[in-house]
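**Student:** Sharing a structure with you now.
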Amino acid sequence: MTTNQSNPSSQNQSQSILLAGASGVLGRHIMHALTEAGHKVTGLGRGRDNDVRADLLDREAVLRAVDGHSFDTVIHAVTALSKPPLRHRDMYTTDALRIEGTAHLIEAAQATGARRFVAESMVFGYGYGDHGDRELTEDDPFGPPGTNPEFERHLAGMRTKERLTFEAAGLEGVALRYGAFYGPGGTENLMPMLRKRQLPAPADHGHVVPWVELTDAARAMVAAVEHGRPGQAYNIADRTPFGFRAHLLAVAEEFGLPKPLPVPLWMMRPMAYAHAIMASTLRVSIAKAERELGWAPVYPSAREGLAALRAAA
C-alpha cells in the first residue's frame, strides 16, 4: 500500500487552513494543535469566537463568508452536539450538517482554491449493534443501511459526508473515523451529573466501543492535514475499548465522584440513541493511521487520559 510520500507538498509545510467548527470542543483542540504545528488557522462558525461567521447550513452565507479568502486546506469538524446525544432527535441537526453542511463547505473549499479537504467522521458509521470481537478496519463496509428510518438517518449522514469528501472535484479528500471523545473540555460536562447521581448507566455485559482523548484526536487531524492519503479514511481511537458504564466508573474513580446508578438496559430505551450506543460492541484497528499518518495515541486507554486530565486540573 502506498503512502503520501508521493505527494511531498502535503508534508510539514505551513498551510493556510479554514477550520469549520473551530469553536467546538474538538475544534478548539484542533486549532491549538494546528497552530502549534506552524499552520495559520481561520475559524469558521456561527459564534463570535470565529474569524469567519456563518451557519454551515446556509449555503449563501458560507460562500459570502469565504469570498476573497484563499486556503490550502479546509477541515469539516462541525457538529451540533454540545452534550452527549440521548434521543434520536438530538442527532438531527448533526445529520444535516453531515449532508447539506458538507456540500456547502466543499463548495467553499473549491471557491477558495483549497487543495485538501479533511472531514471529521465517526466509527459508529460502521453501524450500530454487535460487531463481535474482531477489530474492524477501514476496508470494512462503512455506512450500511440502517435497521430502521431513525438509524438510517444517522448512518446516511456519516455515509454521505465521506462520499462527498472523497468525490469532491479538485480536492484531496481525507476522513478521520473517530471513537467517542473524552478529555479536556468534554469530560468535565459529565462531572456535575455524576456528582448529583443524574447519570444512570446499565452494566456493560461485554459491550465496548472505541474512545479517543481529545488532544490525541487533535494530533490526528494535524497528521491527516500533513500526511493523509487522498481518498482514504483512517480509524482514530485509543488501544482500549471501554463499555459506557466502565468509562463512567473510570471518571468517577479518578475524580472521587459517586458511581453512576446501575439500571437495567431496557430502562434506557426511551433514550433510544444512548441505548443503541450502550448496546453496541465495536472495536477498530488503528494500524492504518499508525502506518500512514505516523499517528499513535499518547493515552492508550481512558484511564491514562483521565489521570492526565486530573493532574492538569
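Letters A, B, ... mark the chains of the C-alpha cells in the order given; residue numbers begin at 1 per chain; ligand numbers begin at 1, in order shown.
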Find the spatial neighbours of region 57-65 of chain A, counting only C-alpha atoms, within a cut-off of 9 Å - ignore same-chain residues fewer than 6 positions away - and output them as a ChimeraX atom specification.
**Tutor:** /A:44,96-97,100-105,107-108,111
**Student:** When you look at Asp216 (chain A) with a cut-off of 9 Å (counting only C-alpha atoms), what residues show up, excluding the ones that are within fewer than 3 positions of it in the same chain? I need them as JSON, numbers by chain.
**Tutor:** {"A": [212, 213, 219, 220, 221, 236, 237, 238, 295, 296, 297, 298, 299]}
**Student:** Rounded to one decimal, what separation in Å do you get between CA of Gly47 (chain A) and CA of Glu188 (chain A)?
**Tutor:**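 So the answer is 21.4 Å.
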**Student:** Write out as a PyMOL selection string the set of residues from region 36-229 of chain A that DSSP, computed on the backbone, places in alpha helix (DSSP H).
**Tutor:** chain A and resi 36+59-66+92-96+102-111+149-167+191-195+214-227
**Student:** Could you give me the residues within region 96-139 of chain A that DSSP places in strand (DSSP E or B), as JSON, numbers by chain?
**Tutor:** {"A": [116, 117, 118, 119, 120, 121, 122, 130, 131, 132, 133, 134, 135, 136]}
**Student:** With N, CA, C and O atoms kept, could you save the residues just selected as a CSV table (one decimal), in the first residue's frame?
**Tutor:**
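part-v1.csv, written as the output of this step:
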chain,number,residue,atom,x,y,z
A,116,ARG,N,-7.0,20.5,-0.3
A,116,ARG,CA,-7.3,19.4,0.6
A,116,ARG,C,-8.5,19.6,1.4
A,116,ARG,O,-8.7,20.8,1.9
A,117,PHE,N,-9.3,18.6,1.7
A,117,PHE,CA,-10.5,18.7,2.5
A,117,PHE,C,-10.5,17.5,3.4
A,117,PHE,O,-10.4,16.3,3.0
A,118,VAL,N,-10.5,17.8,4.7
A,118,VAL,CA,-10.4,16.7,5.8
A,118,VAL,C,-11.7,16.8,6.6
A,118,VAL,O,-12.1,17.8,7.1
A,119,ALA,N,-12.4,15.6,6.7
A,119,ALA,CA,-13.7,15.5,7.4
A,119,ALA,C,-13.5,14.7,8.6
A,119,ALA,O,-12.9,13.7,8.7
A,120,GLU,N,-14.2,15.3,9.7
A,120,GLU,CA,-14.3,14.5,10.9
A,120,GLU,C,-15.5,13.5,10.7
A,120,GLU,O,-16.6,13.9,10.4
A,121,SER,N,-15.2,12.2,10.8
A,121,SER,CA,-16.1,11.2,10.7
A,121,SER,C,-16.2,10.4,12.0
A,121,SER,O,-15.5,10.8,13.0
A,122,MET,N,-16.9,9.3,12.1
A,122,MET,CA,-17.1,8.6,13.4
A,122,MET,C,-17.1,7.1,13.1
A,122,MET,O,-17.6,6.6,12.1
A,130,ASP,N,-23.9,-5.2,17.5
A,130,ASP,CA,-22.8,-6.0,18.0
A,130,ASP,C,-22.0,-6.5,16.8
A,130,ASP,O,-22.4,-7.3,16.0
A,131,HIS,N,-20.7,-6.0,16.7
A,131,HIS,CA,-19.8,-6.4,15.7
A,131,HIS,C,-18.8,-7.5,16.1
A,131,HIS,O,-17.9,-7.9,15.4
A,132,GLY,N,-19.0,-8.0,17.3
A,132,GLY,CA,-18.2,-9.1,17.8
A,132,GLY,C,-16.8,-8.7,18.2
A,132,GLY,O,-16.6,-7.5,18.5
A,133,ASP,N,-15.9,-9.7,18.3
A,133,ASP,CA,-14.6,-9.4,18.9
A,133,ASP,C,-13.6,-8.9,17.9
A,133,ASP,O,-12.5,-8.4,18.2
A,134,ARG,N,-13.9,-9.0,16.6
A,134,ARG,CA,-12.9,-8.7,15.6
A,134,ARG,C,-12.8,-7.1,15.5
A,134,ARG,O,-13.7,-6.4,15.5
A,135,GLU,N,-11.5,-6.7,15.3
A,135,GLU,CA,-11.3,-5.3,15.1
A,135,GLU,C,-11.6,-4.9,13.6
A,135,GLU,O,-11.1,-5.5,12.7
A,136,LEU,N,-12.5,-3.9,13.4
A,136,LEU,CA,-12.9,-3.5,12.1
A,136,LEU,C,-11.8,-2.6,11.5
A,136,LEU,O,-11.2,-1.8,12.2
**Student:** Write out as a list in words each polymer residue whose atoms come within 10 Å of Leu293 (chain A), counting only C-alpha atoms; drop sequence neighbours fewer than 3 positions from it.
**Tutor:**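 Close residues of Leu293 (chain A): Thr3, Asn4, Ala220, Met221, Val222, Ala223, Ala224, Val225, Glu226, His227, Gly228, Arg229, Tyr234, Ala287, Lys288, Ala289, Glu290 and Ala296 of chain A.
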**Student:** If you count only C-alpha atoms, which residues fall within 12 Å of region 48-52 of chain A, apart from same-chain ones fewer than 4 positions away, as a list in words?
**Tutor:**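 My reading of the contact set: Ile17, Leu18, Leu19, Ala20, Gly21, Ala22, Ser23, Gly24, Gly27, Arg28, Met31, Lys40, Val41, Thr42, Gly43, Leu44, Leu56, Ala61, Val62, Leu63, Arg64, Ala65, Val66, Asp67, Gly68 and His69 of chain A.
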**Student:** Near Arg245 (chain A), within 7 Å and counting only C-alpha atoms, which residues show up once chain neighbours fewer than 5 positions away are dropped, as a list in words?
**Tutor:**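 Listed by chain and then number, they are Ala201, Pro202, Ala203 and Asp204 of chain A.
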**Student:** Generate a file of the selected residues that holds all heavy atoms, formatted as a compact mmCIF listing (two decimals), in the first residue's frame.
**Tutor:**
# COMPACT_ATOMS: atom_id res chain seq x y z
N ALA A 201 -26.38 4.30 34.46
CA ALA A 201 -25.75 3.54 33.38
C ALA A 201 -25.90 2.05 33.65
O ALA A 201 -25.59 1.58 34.74
CB ALA A 201 -24.27 3.89 33.26
N PRO A 202 -26.40 1.31 32.66
CA PRO A 202 -26.55 -0.14 32.85
C PRO A 202 -25.20 -0.85 32.79
O PRO A 202 -24.20 -0.30 32.30
CB PRO A 202 -27.43 -0.55 31.65
CG PRO A 202 -27.15 0.49 30.62
CD PRO A 202 -26.88 1.76 31.36
N ALA A 203 -25.16 -2.07 33.28
CA ALA A 203 -23.95 -2.88 33.17
C ALA A 203 -23.61 -3.10 31.70
O ALA A 203 -24.50 -3.16 30.84
CB ALA A 203 -24.16 -4.22 33.86
N ASP A 204 -22.33 -3.18 31.39
CA ASP A 204 -21.90 -3.27 30.00
C ASP A 204 -22.14 -4.65 29.39
O ASP A 204 -22.34 -4.76 28.16
CB ASP A 204 -20.41 -2.92 29.89
CG ASP A 204 -20.13 -1.48 30.23
OD1 ASP A 204 -20.91 -0.61 29.79
OD2 ASP A 204 -19.15 -1.21 30.95
**Student:** Find, counting only C-alpha atoms, the residue in A:Thr187, A:Gln110, A:Thr94, A:Ser70 that gets nearest to Leu306 (chain A).
**Tutor:**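 With only C-alpha atoms as the atom set, the closest residue is A:Thr187.
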**Student:** Please indicate the distance in Å from CA of Met271 (chain A) to CA of Val25 (chain A), rounded to one decimal place.
**Tutor:**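 Atom-to-atom, CA of Met271 (chain A) and CA of Val25 (chain A) are spaced 23.4 Å apart.
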**Student:** Tell me, as a PDB file with N, CA and C atoms, in the first residue's frame, which residues lie within 12 Å of Val251 (chain A), counting only C-alpha atoms; anything in the same chain fewer than 4 positions away does not count.
**Tutor:**
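Saved result, out.pdb, follows:
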ATOM      1  N   TYR A 182     -13.421  11.963  24.841  1.00  0.00           N
ATOM      2  CA  TYR A 182     -13.374  12.330  26.245  1.00  0.00           C
ATOM      3  C   TYR A 182     -12.130  13.196  26.421  1.00  0.00           C
ATOM      4  N   GLY A 183     -12.018  13.832  27.575  1.00  0.00           N
ATOM      5  CA  GLY A 183     -10.816  14.624  27.843  1.00  0.00           C
ATOM      6  C   GLY A 183     -11.128  16.078  28.106  1.00  0.00           C
ATOM      7  N   GLY A 186     -14.461  18.117  27.549  1.00  0.00           N
ATOM      8  CA  GLY A 186     -15.550  17.185  27.303  1.00  0.00           C
ATOM      9  C   GLY A 186     -15.967  16.444  28.563  1.00  0.00           C
ATOM     10  N   THR A 187     -15.009  15.799  29.223  1.00  0.00           N
ATOM     11  CA  THR A 187     -15.313  15.010  30.412  1.00  0.00           C
ATOM     12  C   THR A 187     -15.904  15.872  31.524  1.00  0.00           C
ATOM     13  N   GLU A 188     -15.457  17.121  31.622  1.00  0.00           N
ATOM     14  CA  GLU A 188     -15.952  17.994  32.693  1.00  0.00           C
ATOM     15  C   GLU A 188     -17.474  18.150  32.656  1.00  0.00           C
ATOM     16  N   ASN A 189     -18.069  18.005  31.465  1.00  0.00           N
ATOM     17  CA  ASN A 189     -19.519  18.160  31.350  1.00  0.00           C
ATOM     18  C   ASN A 189     -20.276  17.017  32.027  1.00  0.00           C
ATOM     19  N   LEU A 190     -19.602  15.879  32.211  1.00  0.00           N
ATOM     20  CA  LEU A 190     -20.250  14.737  32.866  1.00  0.00           C
ATOM     21  C   LEU A 190     -20.213  14.837  34.383  1.00  0.00           C
ATOM     22  N   MET A 191     -19.246  15.585  34.899  1.00  0.00           N
ATOM     23  CA  MET A 191     -18.992  15.530  36.337  1.00  0.00           C
ATOM     24  C   MET A 191     -20.149  16.034  37.195  1.00  0.00           C
ATOM     25  N   PRO A 192     -20.798  17.153  36.849  1.00  0.00           N
ATOM     26  CA  PRO A 192     -21.930  17.582  37.693  1.00  0.00           C
ATOM     27  C   PRO A 192     -23.037  16.541  37.737  1.00  0.00           C
ATOM     28  N   MET A 193     -23.294  15.854  36.610  1.00  0.00           N
ATOM     29  CA  MET A 193     -24.336  14.824  36.595  1.00  0.00           C
ATOM     30  C   MET A 193     -23.933  13.616  37.429  1.00  0.00           C
ATOM     31  N   LEU A 194     -22.649  13.232  37.359  1.00  0.00           N
ATOM     32  CA  LEU A 194     -22.189  12.137  38.214  1.00  0.00           C
ATOM     33  C   LEU A 194     -22.263  12.534  39.681  1.00  0.00           C
ATOM     34  N   ARG A 195     -21.890  13.752  39.986  1.00  0.00           N
ATOM     35  CA  ARG A 195     -21.892  14.224  41.372  1.00  0.00           C
ATOM     36  C   ARG A 195     -23.297  14.165  41.959  1.00  0.00           C
ATOM     37  N   PHE A 244     -19.678   1.790  28.093  1.00  0.00           N
ATOM     38  CA  PHE A 244     -20.101   3.119  28.544  1.00  0.00           C
ATOM     39  C   PHE A 244     -20.053   3.205  30.062  1.00  0.00           C
ATOM     40  N   ARG A 245     -20.568   2.177  30.754  1.00  0.00           N
ATOM     41  CA  ARG A 245     -20.533   2.219  32.220  1.00  0.00           C
ATOM     42  C   ARG A 245     -19.095   2.166  32.727  1.00  0.00           C
ATOM     43  N   ALA A 246     -18.253   1.332  32.111  1.00  0.00           N
ATOM     44  CA  ALA A 246     -16.853   1.250  32.536  1.00  0.00           C
ATOM     45  C   ALA A 246     -16.173   2.608  32.410  1.00  0.00           C
ATOM     46  N   HIS A 247     -16.506   3.343  31.355  1.00  0.00           N
ATOM     47  CA  HIS A 247     -15.908   4.672  31.188  1.00  0.00           C
ATOM     48  C   HIS A 247     -16.375   5.611  32.306  1.00  0.00           C
ATOM     49  N   PHE A 255     -11.902  11.025  39.790  1.00  0.00           N
ATOM     50  CA  PHE A 255     -12.220  12.343  40.347  1.00  0.00           C
ATOM     51  C   PHE A 255     -12.973  12.264  41.671  1.00  0.00           C
ATOM     52  N   GLY A 256     -13.060  11.078  42.257  1.00  0.00           N
ATOM     53  CA  GLY A 256     -13.678  10.938  43.564  1.00  0.00           C
ATOM     54  C   GLY A 256     -15.163  11.249  43.572  1.00  0.00           C
ATOM     55  N   LEU A 257     -15.869  10.833  42.522  1.00  0.00           N
ATOM     56  CA  LEU A 257     -17.298  11.109  42.392  1.00  0.00           C
ATOM     57  C   LEU A 257     -18.106   9.841  42.664  1.00  0.00           C
ATOM     58  N   PRO A 258     -19.386   9.985  42.987  1.00  0.00           N
ATOM     59  CA  PRO A 258     -20.211   8.788  43.194  1.00  0.00           C
ATOM     60  C   PRO A 258     -20.309   7.949  41.919  1.00  0.00           C
ATOM     61  N   LYS A 259     -20.363   6.646  42.089  1.00  0.00           N
ATOM     62  CA  LYS A 259     -20.543   5.770  40.940  1.00  0.00           C
ATOM     63  C   LYS A 259     -21.918   5.999  40.315  1.00  0.00           C
ATOM     64  N   PRO A 260     -22.024   5.876  38.995  1.00  0.00           N
ATOM     65  CA  PRO A 260     -23.344   6.030  38.375  1.00  0.00           C
ATOM     66  C   PRO A 260     -24.302   4.950  38.858  1.00  0.00           C
ATOM     67  N   ALA A 302      -8.527   5.149  28.406  1.00  0.00           N
ATOM     68  CA  ALA A 302      -9.133   6.280  29.113  1.00  0.00           C
ATOM     69  C   ALA A 302      -8.566   6.438  30.510  1.00  0.00           C
ATOM     70  N   ARG A 303      -8.069   5.382  31.107  1.00  0.00           N
ATOM     71  CA  ARG A 303      -7.517   5.514  32.461  1.00  0.00           C
ATOM     72  C   ARG A 303      -6.326   6.462  32.468  1.00  0.00           C
ATOM     73  N   GLU A 304      -5.408   6.313  31.507  1.00  0.00           N
ATOM     74  CA  GLU A 304      -4.263   7.221  31.431  1.00  0.00           C
ATOM     75  C   GLU A 304      -4.702   8.631  31.056  1.00  0.00           C
ATOM     76  N   GLY A 305      -5.646   8.732  30.136  1.00  0.00           N
ATOM     77  CA  GLY A 305      -6.113  10.051  29.729  1.00  0.00           C
ATOM     78  C   GLY A 305      -6.827  10.787  30.844  1.00  0.00           C
ATOM     79  N   LEU A 306      -7.630  10.075  31.618  1.00  0.00           N
ATOM     80  CA  LEU A 306      -8.328  10.705  32.739  1.00  0.00           C
ATOM     81  C   LEU A 306      -7.359  11.087  33.852  1.00  0.00           C
ATOM     82  N   ALA A 307      -6.335  10.258  34.083  1.00  0.00           N
ATOM     83  CA  ALA A 307      -5.325  10.617  35.080  1.00  0.00           C
ATOM     84  C   ALA A 307      -4.601  11.886  34.683  1.00  0.00           C
ATOM     85  N   ALA A 308      -4.307  12.038  33.398  1.00  0.00           N
ATOM     86  CA  ALA A 308      -3.648  13.253  32.918  1.00  0.00           C
ATOM     87  C   ALA A 308      -4.574  14.457  33.068  1.00  0.00           C
ATOM     88  N   LEU A 309      -5.866  14.265  32.824  1.00  0.00           N
ATOM     89  CA  LEU A 309      -6.814  15.360  32.971  1.00  0.00           C
ATOM     90  C   LEU A 309      -6.886  15.815  34.427  1.00  0.00           C
ATOM     91  N   ARG A 310      -6.928  14.857  35.356  1.00  0.00           N
ATOM     92  CA  ARG A 310      -6.957  15.218  36.776  1.00  0.00           C
ATOM     93  C   ARG A 310      -5.673  15.921  37.193  1.00  0.00           C
TER      94      ARG A 310
END
**Student:** Got a sec: who's within 10 Å of Glu150 (chain A), counting only C-alpha atoms, leaving out chain neighbours fewer than 2 positions off, as a list in words?
**Tutor:**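 Here the answer would be His88, Arg89, Met91, Tyr92, Gly146, Thr147, Asn148, Glu152, Arg153, His154, Leu155, Ala156, Ala272 and Tyr273 of chain A.
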**Student:** Convert the current residue selection to file output with N, CA, C and O atoms, as a tab-separated table (two decimals), in the first residue's frame.
**Tutor:**
chain	number	residue	atom	x	y	z
A	88	HIS	N	-32.88	10.13	19.47
A	88	HIS	CA	-32.59	10.25	18.04
A	88	HIS	C	-32.63	11.71	17.59
A	88	HIS	O	-31.79	12.15	16.79
A	89	ARG	N	-33.60	12.46	18.09
A	89	ARG	CA	-33.73	13.85	17.62
A	89	ARG	C	-32.53	14.71	18.00
A	89	ARG	O	-32.30	15.74	17.37
A	91	MET	N	-29.67	14.08	17.32
A	91	MET	CA	-28.70	13.93	16.23
A	91	MET	C	-29.14	14.61	14.94
A	91	MET	O	-28.35	14.69	13.98
A	92	TYR	N	-30.38	15.11	14.87
A	92	TYR	CA	-30.93	15.55	13.58
A	92	TYR	C	-30.12	16.68	12.95
A	92	TYR	O	-29.84	16.67	11.75
A	146	GLY	N	-29.42	1.55	7.57
A	146	GLY	CA	-29.90	1.49	8.94
A	146	GLY	C	-31.02	0.48	9.11
A	146	GLY	O	-31.76	0.18	8.16
A	147	THR	N	-31.15	-0.04	10.32
A	147	THR	CA	-32.16	-1.07	10.56
A	147	THR	C	-33.57	-0.50	10.68
A	147	THR	O	-34.54	-1.24	10.67
A	148	ASN	N	-33.69	0.82	10.82
A	148	ASN	CA	-34.99	1.50	10.80
A	148	ASN	C	-34.75	2.92	10.32
A	148	ASN	O	-33.61	3.36	10.15
A	152	GLU	N	-31.12	4.83	9.89
A	152	GLU	CA	-30.72	5.15	8.52
A	152	GLU	C	-30.43	6.64	8.38
A	152	GLU	O	-29.50	7.03	7.67
A	153	ARG	N	-31.19	7.46	9.07
A	153	ARG	CA	-30.94	8.91	9.01
A	153	ARG	C	-29.52	9.23	9.49
A	153	ARG	O	-28.80	10.01	8.86
A	154	HIS	N	-29.11	8.64	10.61
A	154	HIS	CA	-27.77	8.91	11.15
A	154	HIS	C	-26.68	8.31	10.26
A	154	HIS	O	-25.67	8.96	9.98
A	155	LEU	N	-26.88	7.07	9.82
A	155	LEU	CA	-25.87	6.41	9.00
A	155	LEU	C	-25.76	7.08	7.63
A	155	LEU	O	-24.66	7.20	7.08
A	156	ALA	N	-26.88	7.55	7.09
A	156	ALA	CA	-26.83	8.27	5.82
A	156	ALA	C	-25.99	9.54	5.95
A	156	ALA	O	-25.26	9.92	5.02
A	272	ALA	N	-33.37	6.46	23.13
A	272	ALA	CA	-33.10	5.41	22.15
A	272	ALA	C	-31.70	5.49	21.57
A	272	ALA	O	-31.08	4.45	21.29
A	273	TYR	N	-31.16	6.68	21.35
A	273	TYR	CA	-29.83	6.78	20.76
A	273	TYR	C	-28.77	6.31	21.75
A	273	TYR	O	-27.88	5.53	21.40
**Student:** Find the distance between CA of Gly125 (chain A) and CA of Gly143 (chain A) and write it in Å to one decimal.
**Tutor:**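 Computing it gives 5.0 Å between the two atoms.
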